[in-house]
$ cat input-v2.cif   # mmCIF, C-alpha atoms
data_target
loop_
_atom_site.label_atom_id
_atom_site.label_comp_id
_atom_site.auth_asym_id
_atom_site.auth_seq_id
_atom_site.Cartn_x
_atom_site.Cartn_y
_atom_site.Cartn_z
CA MET A 1 14.17 2.23 29.95
CA THR A 2 13.55 1.99 26.22
CA PRO A 3 10.32 0.20 25.40
CA SER A 4 10.97 -2.98 23.43
CA PHE A 5 9.31 -4.16 20.25
CA GLU A 6 6.36 -6.47 20.77
CA LEU A 7 4.40 -8.00 17.94
CA ASP A 8 0.66 -7.38 18.10
CA PRO A 9 -0.97 -10.67 19.19
CA ARG A 10 -3.48 -10.56 16.33
CA LEU A 11 -0.68 -10.31 13.77
CA ALA A 12 1.13 -13.14 15.54
CA ASN A 13 -2.04 -15.22 15.50
CA ASP A 14 -2.67 -14.79 11.76
CA THR A 15 0.88 -15.49 10.60
CA HIS A 16 3.98 -17.63 10.91
CA PHE A 17 7.29 -16.13 12.00
CA VAL A 18 9.94 -16.18 9.26
CA GLY A 19 12.79 -14.00 10.53
CA ASP A 20 14.07 -10.47 11.06
CA LEU A 21 15.49 -8.21 8.37
CA GLY A 22 17.40 -5.04 9.24
CA LEU A 23 14.27 -3.11 10.06
CA SER A 24 11.29 -5.43 9.77
CA ARG A 25 10.09 -8.69 11.15
CA VAL A 26 8.98 -10.94 8.29
CA LEU A 27 5.78 -12.91 8.74
CA LEU A 28 4.06 -15.39 6.41
CA MET A 29 0.29 -14.94 6.33
CA ASP A 30 -1.27 -18.27 7.28
CA ASP A 31 -3.37 -18.56 4.13
CA THR A 32 -2.29 -20.79 1.26
CA ARG A 33 -4.69 -19.02 -1.12
CA PHE A 34 -2.20 -16.17 -1.58
CA PRO A 35 1.61 -15.88 -1.34
CA TRP A 36 1.51 -13.14 1.28
CA LEU A 37 4.22 -11.66 3.47
CA VAL A 38 3.76 -9.09 6.20
CA LEU A 39 6.60 -6.76 7.22
CA VAL A 40 6.50 -5.26 10.70
CA PRO A 41 9.14 -2.59 11.40
CA ARG A 42 10.65 -3.51 14.79
CA LYS A 43 10.43 -0.14 16.42
CA PRO A 44 8.03 0.33 19.32
CA GLY A 45 5.02 2.60 18.95
CA LEU A 46 4.79 2.80 15.15
CA VAL A 47 1.30 3.27 13.71
CA GLU A 48 1.57 5.19 10.43
CA VAL A 49 4.16 4.74 7.70
CA THR A 50 4.78 8.48 8.14
CA ASP A 51 6.08 7.69 11.66
CA LEU A 52 9.23 6.33 10.03
CA ASP A 53 12.06 8.75 9.29
CA GLU A 54 13.56 9.10 5.83
CA PHE A 55 16.26 6.48 6.36
CA GLU A 56 13.83 3.97 7.88
CA THR A 57 11.42 4.57 5.00
CA ALA A 58 14.17 3.81 2.49
CA THR A 59 15.06 0.67 4.42
CA LEU A 60 11.42 -0.39 4.52
CA MET A 61 11.07 0.04 0.77
CA THR A 62 14.23 -2.03 0.21
CA GLU A 63 12.65 -4.72 2.35
CA VAL A 64 9.36 -4.46 0.42
CA ARG A 65 11.34 -5.00 -2.80
CA LEU A 66 13.06 -8.03 -1.27
CA ALA A 67 9.70 -9.42 -0.15
CA ALA A 68 8.29 -8.93 -3.66
CA LYS A 69 11.32 -10.60 -5.25
CA THR A 70 11.03 -13.50 -2.82
CA ILE A 71 7.36 -14.04 -3.61
CA LYS A 72 8.12 -13.77 -7.34
CA THR A 73 10.75 -16.47 -7.06
CA ILE A 74 8.98 -18.96 -4.82
CA ALA A 75 5.39 -18.55 -6.04
CA GLY A 76 5.26 -16.11 -8.96
CA TYR A 77 2.56 -13.53 -9.49
CA ASP A 78 0.72 -11.63 -12.19
CA LYS A 79 0.44 -8.47 -10.07
CA LEU A 80 2.00 -7.30 -6.86
CA ASN A 81 -0.27 -5.75 -4.23
CA VAL A 82 1.21 -3.66 -1.42
CA GLY A 83 -1.03 -2.38 1.32
CA ILE A 84 -0.57 -0.35 4.46
CA LEU A 85 -3.93 -0.25 6.19
CA GLY A 86 -4.03 -0.97 9.90
CA ASN A 87 -7.76 -0.42 10.25
CA PHE A 88 -8.01 -3.49 12.49
CA VAL A 89 -4.49 -3.75 13.93
CA ALA A 90 -2.90 -0.39 14.70
CA GLN A 91 0.72 -1.60 14.82
CA LEU A 92 2.39 -0.53 11.57
CA HIS A 93 2.59 -3.48 9.19
CA ILE A 94 2.98 -3.72 5.44
CA HIS A 95 1.26 -6.37 3.34
CA VAL A 96 3.13 -7.65 0.29
CA VAL A 97 0.97 -10.03 -1.70
CA GLY A 98 1.48 -11.84 -4.98
CA ARG A 99 -1.75 -11.94 -6.96
CA ARG A 100 -2.81 -14.28 -9.72
CA SER A 101 -5.62 -13.46 -12.12
CA ILE A 102 -7.06 -16.84 -11.15
CA ASP A 103 -6.80 -16.46 -7.37
CA ASP A 104 -9.81 -16.62 -5.06
CA ALA A 105 -10.19 -12.85 -4.65
CA TRP A 106 -9.05 -11.48 -8.03
CA PRO A 107 -9.44 -8.65 -8.98
CA ARG A 108 -10.63 -7.54 -5.54
CA PRO A 109 -8.11 -6.75 -2.78
CA VAL A 110 -7.21 -9.62 -0.44
CA TRP A 111 -8.12 -7.42 2.53
CA GLY A 112 -11.76 -7.93 3.36
CA ALA A 113 -12.11 -10.32 0.41
CA GLY A 114 -14.08 -12.75 2.50
CA GLY A 115 -13.97 -16.44 1.76
CA THR A 116 -12.33 -18.93 4.07
CA ARG A 117 -8.69 -18.76 4.99
CA ARG A 118 -6.80 -21.93 4.13
CA PRO A 119 -4.08 -22.44 6.74
CA TYR A 120 -0.78 -24.11 5.88
CA ASP A 121 -0.24 -27.66 7.03
CA SER A 122 2.99 -28.01 9.02
CA ARG A 123 4.95 -29.57 6.17
CA LEU A 124 4.09 -26.94 3.56
CA ARG A 125 4.59 -24.21 6.16
CA ASP A 126 8.09 -25.44 6.96
CA THR A 127 8.96 -25.71 3.27
CA ARG A 128 7.69 -22.21 2.54
CA ILE A 129 9.48 -20.67 5.48
CA ALA A 130 12.73 -22.38 4.46
CA GLN A 131 12.32 -21.06 0.90
CA ILE A 132 11.63 -17.53 2.10
CA LYS A 133 14.59 -17.55 4.50
CA SER A 134 16.85 -18.79 1.74
CA GLU A 135 15.67 -16.12 -0.73
CA MET A 136 15.98 -13.40 1.90
CA ARG A 137 19.35 -14.65 3.13
CA LEU A 138 17.89 -15.05 6.61
CA TYR A 139 20.06 -17.60 8.33
CA ALA A 140 19.08 -16.90 11.91
CA MET B 1 12.01 8.80 -29.69
CA THR B 2 11.38 8.50 -25.97
CA PRO B 3 7.84 7.40 -25.20
CA SER B 4 5.99 10.05 -23.25
CA PHE B 5 3.92 9.70 -20.11
CA GLU B 6 0.23 9.22 -20.70
CA LEU B 7 -2.29 8.88 -17.92
CA ASP B 8 -4.47 5.79 -18.13
CA PRO B 9 -7.94 6.94 -19.27
CA ARG B 10 -9.68 5.07 -16.44
CA LEU B 11 -7.57 6.87 -13.84
CA ALA B 12 -8.29 10.15 -15.62
CA ASN B 13 -11.99 9.36 -15.64
CA ASP B 14 -12.19 8.58 -11.90
CA THR B 15 -10.21 11.59 -10.70
CA HIS B 16 -9.56 15.32 -10.97
CA PHE B 17 -6.14 16.62 -11.98
CA VAL B 18 -4.36 18.50 -9.21
CA GLY B 19 -0.78 19.02 -10.41
CA ASP B 20 2.64 17.46 -10.90
CA LEU B 21 5.20 16.84 -8.16
CA GLY B 22 8.82 15.99 -8.98
CA LEU B 23 7.99 12.40 -9.83
CA SER B 24 4.24 11.93 -9.62
CA ARG B 25 1.09 13.38 -11.04
CA VAL B 26 -1.32 14.15 -8.21
CA LEU B 27 -4.97 13.25 -8.72
CA LEU B 28 -7.97 13.74 -6.45
CA MET B 29 -10.31 10.75 -6.43
CA ASP B 30 -13.75 11.98 -7.42
CA ASP B 31 -15.48 10.68 -4.31
CA THR B 32 -16.37 12.98 -1.44
CA ARG B 33 -16.85 10.01 0.92
CA PHE B 34 -13.08 9.79 1.42
CA PRO B 35 -10.18 12.29 1.27
CA TRP B 36 -8.27 10.31 -1.34
CA LEU B 37 -5.26 11.22 -3.47
CA VAL B 38 -3.71 9.12 -6.20
CA LEU B 39 -0.05 9.51 -7.15
CA VAL B 40 1.01 8.41 -10.63
CA PRO B 41 4.78 8.42 -11.26
CA ARG B 42 5.24 10.16 -14.61
CA LYS B 43 7.53 7.63 -16.25
CA PRO B 44 6.21 5.63 -19.18
CA GLY B 45 5.69 1.88 -18.85
CA LEU B 46 5.62 1.54 -15.05
CA VAL B 47 3.47 -1.26 -13.66
CA GLU B 48 4.97 -2.45 -10.37
CA VAL B 49 6.43 -0.31 -7.59
CA THR B 50 9.52 -2.49 -8.00
CA ASP B 51 9.94 -0.99 -11.50
CA LEU B 52 11.16 2.21 -9.83
CA ASP B 53 14.85 2.49 -9.03
CA GLU B 54 16.10 3.28 -5.54
CA PHE B 55 16.13 7.06 -6.04
CA GLU B 56 12.68 7.09 -7.62
CA THR B 57 11.35 4.95 -4.78
CA ALA B 58 12.71 7.40 -2.22
CA THR B 59 11.14 10.27 -4.16
CA LEU B 60 7.83 8.44 -4.34
CA MET B 61 7.81 7.87 -0.59
CA THR B 62 8.56 11.55 0.01
CA GLU B 63 5.57 12.35 -2.17
CA VAL B 64 3.41 9.81 -0.30
CA ARG B 65 4.36 11.57 2.95
CA LEU B 66 3.44 14.91 1.43
CA ALA B 67 0.11 13.51 0.25
CA ALA B 68 -0.58 12.16 3.74
CA LYS B 69 0.33 15.47 5.36
CA THR B 70 -1.89 17.30 2.91
CA ILE B 71 -4.87 15.07 3.64
CA LYS B 72 -4.20 15.39 7.37
CA THR B 73 -4.27 19.18 7.12
CA ILE B 74 -7.24 19.67 4.84
CA ALA B 75 -9.49 16.84 6.01
CA GLY B 76 -7.90 15.00 8.94
CA TYR B 77 -7.98 11.26 9.43
CA ASP B 78 -7.97 8.60 12.11
CA LYS B 79 -5.90 6.21 10.03
CA LEU B 80 -3.91 6.50 6.84
CA ASN B 81 -4.35 3.82 4.18
CA VAL B 82 -1.79 3.42 1.42
CA GLY B 83 -2.40 0.94 -1.36
CA ILE B 84 -0.56 -0.12 -4.48
CA LEU B 85 -2.83 -2.57 -6.24
CA GLY B 86 -3.35 -2.12 -9.97
CA ASN B 87 -5.58 -5.16 -10.39
CA PHE B 88 -7.90 -3.14 -12.64
CA VAL B 89 -5.59 -0.45 -14.03
CA ALA B 90 -2.07 -1.67 -14.75
CA GLN B 91 -0.38 1.75 -14.82
CA LEU B 92 1.50 2.18 -11.52
CA HIS B 93 -0.50 4.36 -9.16
CA ILE B 94 -0.47 4.77 -5.41
CA HIS B 95 -3.59 5.40 -3.36
CA VAL B 96 -3.24 7.61 -0.28
CA VAL B 97 -6.48 7.73 1.66
CA GLY B 98 -7.46 9.32 4.93
CA ARG B 99 -9.81 7.09 6.85
CA ARG B 100 -12.29 7.96 9.57
CA SER B 101 -13.72 5.38 11.93
CA ILE B 102 -17.12 6.72 10.90
CA ASP B 103 -16.59 6.68 7.14
CA ASP B 104 -18.80 4.67 4.78
CA ALA B 105 -16.38 1.76 4.38
CA TRP B 106 -14.67 1.58 7.79
CA PRO B 107 -12.95 -0.70 8.74
CA ARG B 108 -12.93 -2.29 5.29
CA PRO B 109 -10.54 -1.05 2.59
CA VAL B 110 -11.92 1.63 0.24
CA TRP B 111 -10.94 -0.54 -2.72
CA GLY B 112 -13.83 -2.79 -3.62
CA ALA B 113 -15.83 -1.37 -0.72
CA GLY B 114 -18.92 -1.05 -2.83
CA GLY B 115 -21.46 1.65 -2.09
CA THR B 116 -22.03 4.55 -4.40
CA ARG B 117 -19.34 7.04 -5.26
CA ARG B 118 -20.29 10.62 -4.40
CA PRO B 119 -18.71 12.93 -6.97
CA TYR B 120 -17.58 16.44 -6.05
CA ASP B 121 -19.72 19.32 -7.22
CA SER B 122 -17.68 21.86 -9.15
CA ARG B 123 -17.43 24.35 -6.30
CA LEU B 124 -16.22 21.86 -3.68
CA ARG B 125 -13.88 20.32 -6.26
CA ASP B 126 -12.27 23.68 -6.99
CA THR B 127 -11.92 24.46 -3.30
CA ARG B 128 -10.35 21.10 -2.56
CA ILE B 129 -7.94 21.32 -5.47
CA ALA B 130 -6.88 24.81 -4.39
CA GLN B 131 -6.30 23.57 -0.83
CA ILE B 132 -4.25 20.61 -2.03
CA LYS B 133 -2.15 22.74 -4.37
CA SER B 134 -1.49 25.20 -1.57
CA GLU B 135 -0.47 22.48 0.89
CA MET B 136 1.74 20.80 -1.71
CA ARG B 137 3.22 24.10 -2.91
CA LEU B 138 1.98 23.36 -6.40
CA TYR B 139 1.77 26.69 -8.11
CA ALA B 140 1.67 25.51 -11.71
#
$ encode --input "input-v2.cif" --output "structure tokens"
Amino acid sequence: MTPSFELDPRLANDTHFVGDLGLSRVLLMDDTRFPWLVLVPRKPGLVEVTDLDEFETATLMTEVRLAAKTIKTIAGYDKLNVGILGNFVAQLHIHVVGRRSIDDAWPRPVWGAGGTRRPYDSRLRDTRIAQIKSEMRLYA
Amino acid sequence: MTPSFELDPRLANDTHFVGDLGLSRVLLMDDTRFPWLVLVPRKPGLVEVTDLDEFETATLMTEVRLAAKTIKTIAGYDKLNVGILGNFVAQLHIHVVGRRSIDDAWPRPVWGAGGTRRPYDSRLRDTRIAQIKSEMRLYA
């Protein structure tokens, strides 16, 4: 039996589900301080980005570009930050974050920036998710 | 006249030159606390990873994989960290860092981790650069 994809519970806990692209699950980080998407390739057992084959890597990068374009359109940014860390959560996940030179962590990275996360209220969350799905052509 | 590639002086100042791959210049971060390579695509005017076209992106990711493999071989790591930030230096550059669960910044990111950089002495620097060039088949 092929093992199935399961999202790490810590990633699930920190984010809202948006939808599934060809390779990756799209999650919205539950922090209104930054427009921040997380892509999780839906293949069991992935830890490092080097675990992806060449085709999957190309697909991932296409999805990173789409995530960046989506953030640009719905929130704008001065600088894009992309991070693949996994020091806390081993499951391969890619952070795509729009940064503003006036945001709470600038110019430091958002990872380990400290400060207090500001969760979405349900109305803003639903609006954001709808915007992201529309930009990403995610109709599921 | 086509503008030529020039390395940002801050990147040059923080690193040692290793060599040039097909797309990227390879730099060794001058900090012995972490096995840390920086890839700088040699195309003038790049800021965001989304400024690369599809072919260049695929090439970059091949070079990221090679950088990771090189770090794995010469230093080993428990976790690979890849970061594309550019909040301080706008010129597009990609950090590829081997992390150990006992390193000075773990589990925080190396970017903005604080602490004091430990520069290479000339002998260790030359050894490291030779190892990297050998692993990357950089004979120039």
$ resolve_selection --input "input-v2.cif" --expression "the PyMOL selection byres ((chain B) within 9 of (chain A))" --output "ChimeraX atom specification"
/B:47-50,54,57-58,61-62,64-65,68-69,79-88,90,99,101,106-109,111-113
$ atom_distance --input "input-v2.cif" --atom1 "atom CA of Leu92 of chain B" --atom2 "atom CA of Asp8 of chain B"
9.6 Å
$ residues_around --input "input-v2.cif" --residues "Ile71 of chain B" --least-positions-apart "5" --cutoff "8 Å" --atoms "all atoms listed in the file" --output "number ranges by chain"
B: 35-36, 76-77, 97-98, 132
$ calpha_fit_and_write --input "input-v2.cif" --fixed "chain B" --moving "chain A" --output "compact mmCIF listing (two decimals) with C-alpha atoms, in the frame of the given file"
# COMPACT_ATOMS: atom_id res chain seq x y z
CA MET A 1 12.05 8.74 -29.69
CA THR A 2 11.38 8.44 -25.97
CA PRO A 3 7.83 7.39 -25.22
CA SER A 4 5.99 10.07 -23.26
CA PHE A 5 3.93 9.70 -20.12
CA GLU A 6 0.22 9.23 -20.70
CA LEU A 7 -2.29 8.89 -17.92
CA ASP A 8 -4.47 5.79 -18.14
CA PRO A 9 -7.94 6.95 -19.28
CA ARG A 10 -9.68 5.07 -16.46
CA LEU A 11 -7.57 6.87 -13.85
CA ALA A 12 -8.28 10.16 -15.61
CA ASN A 13 -11.99 9.36 -15.64
CA ASP A 14 -12.19 8.59 -11.91
CA THR A 15 -10.22 11.59 -10.69
CA HIS A 16 -9.55 15.31 -10.96
CA PHE A 17 -6.14 16.61 -11.98
CA VAL A 18 -4.36 18.51 -9.20
CA GLY A 19 -0.79 19.02 -10.40
CA ASP A 20 2.63 17.45 -10.89
CA LEU A 21 5.19 16.85 -8.16
CA GLY A 22 8.80 15.99 -8.98
CA LEU A 23 7.99 12.41 -9.84
CA SER A 24 4.24 11.92 -9.61
CA ARG A 25 1.10 13.37 -11.04
CA VAL A 26 -1.33 14.14 -8.21
CA LEU A 27 -4.97 13.25 -8.73
CA LEU A 28 -7.98 13.75 -6.45
CA MET A 29 -10.31 10.76 -6.43
CA ASP A 30 -13.76 11.99 -7.43
CA ASP A 31 -15.49 10.68 -4.31
CA THR A 32 -16.37 12.99 -1.44
CA ARG A 33 -16.84 10.03 0.91
CA PHE A 34 -13.07 9.79 1.43
CA PRO A 35 -10.18 12.30 1.26
CA TRP A 36 -8.26 10.32 -1.35
CA LEU A 37 -5.26 11.22 -3.48
CA VAL A 38 -3.71 9.11 -6.20
CA LEU A 39 -0.04 9.50 -7.15
CA VAL A 40 1.01 8.40 -10.62
CA PRO A 41 4.78 8.41 -11.26
CA ARG A 42 5.24 10.15 -14.63
CA LYS A 43 7.51 7.64 -16.24
CA PRO A 44 6.21 5.62 -19.18
CA GLY A 45 5.70 1.89 -18.85
CA LEU A 46 5.62 1.55 -15.05
CA VAL A 47 3.48 -1.27 -13.67
CA GLU A 48 4.98 -2.45 -10.37
CA VAL A 49 6.43 -0.32 -7.60
CA THR A 50 9.53 -2.50 -8.00
CA ASP A 51 9.94 -0.99 -11.50
CA LEU A 52 11.16 2.19 -9.83
CA ASP A 53 14.86 2.50 -9.03
CA GLU A 54 16.10 3.29 -5.54
CA PHE A 55 16.15 7.06 -6.04
CA GLU A 56 12.68 7.11 -7.62
CA THR A 57 11.36 4.95 -4.77
CA ALA A 58 12.71 7.42 -2.22
CA THR A 59 11.14 10.27 -4.16
CA LEU A 60 7.83 8.43 -4.33
CA MET A 61 7.83 7.85 -0.58
CA THR A 62 8.56 11.55 0.02
CA GLU A 63 5.58 12.33 -2.17
CA VAL A 64 3.42 9.80 -0.29
CA ARG A 65 4.37 11.56 2.96
CA LEU A 66 3.45 14.92 1.44
CA ALA A 67 0.12 13.52 0.25
CA ALA A 68 -0.58 12.15 3.74
CA LYS A 69 0.33 15.46 5.37
CA THR A 70 -1.89 17.31 2.92
CA ILE A 71 -4.87 15.08 3.64
CA LYS A 72 -4.21 15.40 7.38
CA THR A 73 -4.27 19.17 7.13
CA ILE A 74 -7.25 19.68 4.84
CA ALA A 75 -9.50 16.83 6.00
CA GLY A 76 -7.91 15.00 8.94
CA TYR A 77 -7.98 11.26 9.44
CA ASP A 78 -7.97 8.60 12.12
CA LYS A 79 -5.88 6.19 10.02
CA LEU A 80 -3.90 6.50 6.84
CA ASN A 81 -4.35 3.82 4.18
CA VAL A 82 -1.77 3.42 1.41
CA GLY A 83 -2.39 0.95 -1.36
CA ILE A 84 -0.57 -0.13 -4.47
CA LEU A 85 -2.83 -2.57 -6.26
CA GLY A 86 -3.35 -2.11 -9.98
CA ASN A 87 -5.57 -5.15 -10.39
CA PHE A 88 -7.90 -3.15 -12.65
CA VAL A 89 -5.58 -0.45 -14.03
CA ALA A 90 -2.06 -1.68 -14.75
CA GLN A 91 -0.38 1.75 -14.82
CA LEU A 92 1.50 2.16 -11.53
CA HIS A 93 -0.50 4.36 -9.17
CA ILE A 94 -0.46 4.78 -5.42
CA HIS A 95 -3.58 5.40 -3.36
CA VAL A 96 -3.23 7.61 -0.29
CA VAL A 97 -6.48 7.73 1.65
CA GLY A 98 -7.46 9.34 4.92
CA ARG A 99 -9.83 7.10 6.85
CA ARG A 100 -12.29 7.97 9.57
CA SER A 101 -13.72 5.37 11.93
CA ILE A 102 -17.12 6.73 10.91
CA ASP A 103 -16.61 6.68 7.14
CA ASP A 104 -18.80 4.67 4.78
CA ALA A 105 -16.37 1.75 4.38
CA TRP A 106 -14.66 1.57 7.79
CA PRO A 107 -12.93 -0.70 8.75
CA ARG A 108 -12.92 -2.30 5.30
CA PRO A 109 -10.54 -1.04 2.59
CA VAL A 110 -11.91 1.63 0.25
CA TRP A 111 -10.94 -0.54 -2.72
CA GLY A 112 -13.84 -2.76 -3.62
CA ALA A 113 -15.84 -1.36 -0.69
CA GLY A 114 -18.92 -1.03 -2.83
CA GLY A 115 -21.48 1.63 -2.11
CA THR A 116 -22.06 4.57 -4.41
CA ARG A 117 -19.36 7.04 -5.27
CA ARG A 118 -20.30 10.61 -4.40
CA PRO A 119 -18.71 12.92 -6.96
CA TYR A 120 -17.59 16.44 -6.06
CA ASP A 121 -19.72 19.32 -7.22
CA SER A 122 -17.66 21.88 -9.16
CA ARG A 123 -17.44 24.35 -6.29
CA LEU A 124 -16.22 21.87 -3.67
CA ARG A 125 -13.88 20.33 -6.25
CA ASP A 126 -12.29 23.69 -6.99
CA THR A 127 -11.93 24.47 -3.29
CA ARG A 128 -10.34 21.10 -2.56
CA ILE A 129 -7.94 21.31 -5.46
CA ALA A 130 -6.89 24.82 -4.39
CA GLN A 131 -6.30 23.57 -0.83
CA ILE A 132 -4.25 20.61 -2.02
CA LYS A 133 -2.15 22.75 -4.37
CA SER A 134 -1.49 25.21 -1.58
CA GLU A 135 -0.46 22.47 0.89
CA MET A 136 1.74 20.80 -1.72
CA ARG A 137 3.24 24.08 -2.90
CA LEU A 138 1.98 23.35 -6.40
CA TYR A 139 1.72 26.70 -8.10
CA ALA A 140 1.59 25.54 -11.70
$ resolve_selection --input "input-v2.cif" --expression "the PyMOL selection byres ((chain B and resi 4) around 12)" --output "PyMOL selection string"
chain B and resi 1-3+5-7+42-46
$ write_last_selection --input "input-v2.cif" --atoms "C-alpha atoms" --output "compact mmCIF listing (two decimals), in the frame of the given file"
# COMPACT_ATOMS: atom_id res chain seq x y z
CA MET B 1 12.01 8.80 -29.69
CA THR B 2 11.38 8.50 -25.97
CA PRO B 3 7.84 7.40 -25.20
CA PHE B 5 3.92 9.70 -20.11
CA GLU B 6 0.23 9.22 -20.70
CA LEU B 7 -2.29 8.88 -17.92
CA ARG B 42 5.24 10.16 -14.61
CA LYS B 43 7.53 7.63 -16.25
CA PRO B 44 6.21 5.63 -19.18
CA GLY B 45 5.69 1.88 -18.85
CA LEU B 46 5.62 1.54 -15.05
$ atom_distance --input "input-v2.cif" --atom1 "atom CA of Glu135 of chain A" --atom2 "atom CA of Thr70 of chain A"
5.7 Å
$ closest_residue --input "input-v2.cif" --among "B:Leu21, B:Val40, B:Ala67, B:Ala12" --to "Gln91 of chain B" --atoms "all atoms listed in the file"
B:Val40
$ decode --input "input-v2.cif" --residues "segment 69-87 of chain B" --atoms "N, CA and C atoms" --output "mmCIF file, in the first residue's frame"
data_model
loop_
_atom_site.group_PDB
_atom_site.id
_atom_site.type_symbol
_atom_site.label_atom_id
_atom_site.label_comp_id
_atom_site.auth_asym_id
_atom_site.auth_seq_id
_atom_site.Cartn_x
_atom_site.Cartn_y
_atom_site.Cartn_z
ATOM 1 N N LYS B 69 24.599 19.179 -2.415
ATOM 2 C CA LYS B 69 25.366 17.931 -2.483
ATOM 3 C C LYS B 69 26.818 18.189 -2.064
ATOM 4 N N THR B 70 27.334 19.309 -2.500
ATOM 5 C CA THR B 70 28.710 19.678 -2.163
ATOM 6 C C THR B 70 28.866 19.881 -0.661
ATOM 7 N N ILE B 71 27.931 20.596 -0.068
ATOM 8 C CA ILE B 71 27.989 20.833 1.379
ATOM 9 C C ILE B 71 27.842 19.513 2.125
ATOM 10 N N LYS B 72 26.922 18.669 1.626
ATOM 11 C CA LYS B 72 26.724 17.358 2.245
ATOM 12 C C LYS B 72 28.037 16.575 2.262
ATOM 13 N N THR B 73 28.736 16.592 1.161
ATOM 14 C CA THR B 73 29.964 15.802 1.034
ATOM 15 C C THR B 73 31.102 16.367 1.872
ATOM 16 N N ILE B 74 31.282 17.677 1.833
ATOM 17 C CA ILE B 74 32.481 18.217 2.480
ATOM 18 C C ILE B 74 32.265 18.531 3.958
ATOM 19 N N ALA B 75 31.015 18.730 4.373
ATOM 20 C CA ALA B 75 30.792 19.098 5.768
ATOM 21 C C ALA B 75 29.685 18.296 6.428
ATOM 22 N N GLY B 76 28.740 17.793 5.638
ATOM 23 C CA GLY B 76 27.584 17.104 6.192
ATOM 24 C C GLY B 76 26.589 18.084 6.773
ATOM 25 N N TYR B 77 25.362 17.638 6.935
ATOM 26 C CA TYR B 77 24.368 18.475 7.619
ATOM 27 C C TYR B 77 23.225 17.605 8.109
ATOM 28 N N ASP B 78 22.509 18.109 9.102
ATOM 29 C CA ASP B 78 21.288 17.450 9.554
ATOM 30 C C ASP B 78 20.085 17.959 8.777
ATOM 31 N N LYS B 79 20.177 19.224 8.364
ATOM 32 C CA LYS B 79 19.048 19.849 7.656
ATOM 33 C C LYS B 79 19.601 20.891 6.708
ATOM 34 N N LEU B 80 19.044 20.914 5.516
ATOM 35 C CA LEU B 80 19.421 21.931 4.536
ATOM 36 C C LEU B 80 18.508 23.146 4.695
ATOM 37 N N ASN B 81 19.096 24.331 4.670
ATOM 38 C CA ASN B 81 18.288 25.561 4.645
ATOM 39 C C ASN B 81 18.592 26.304 3.343
ATOM 40 N N VAL B 82 17.546 26.679 2.648
ATOM 41 C CA VAL B 82 17.696 27.470 1.426
ATOM 42 C C VAL B 82 16.910 28.756 1.613
ATOM 43 N N GLY B 83 17.541 29.880 1.356
ATOM 44 C CA GLY B 83 16.843 31.150 1.558
ATOM 45 C C GLY B 83 17.114 32.123 0.437
ATOM 46 N N ILE B 84 16.033 32.780 0.009
ATOM 47 C CA ILE B 84 16.154 33.855 -0.977
ATOM 48 C C ILE B 84 15.492 35.050 -0.322
ATOM 49 N N LEU B 85 16.302 35.941 0.224
ATOM 50 C CA LEU B 85 15.745 37.048 0.994
ATOM 51 C C LEU B 85 16.032 38.374 0.298
ATOM 52 N N GLY B 86 17.258 38.874 0.433
ATOM 53 C CA GLY B 86 17.590 40.125 -0.252
ATOM 54 C C GLY B 86 17.047 41.362 0.423
ATOM 55 N N ASN B 87 16.759 41.273 1.716
ATOM 56 C CA ASN B 87 16.240 42.452 2.421
ATOM 57 C C ASN B 87 17.332 43.489 2.647
#
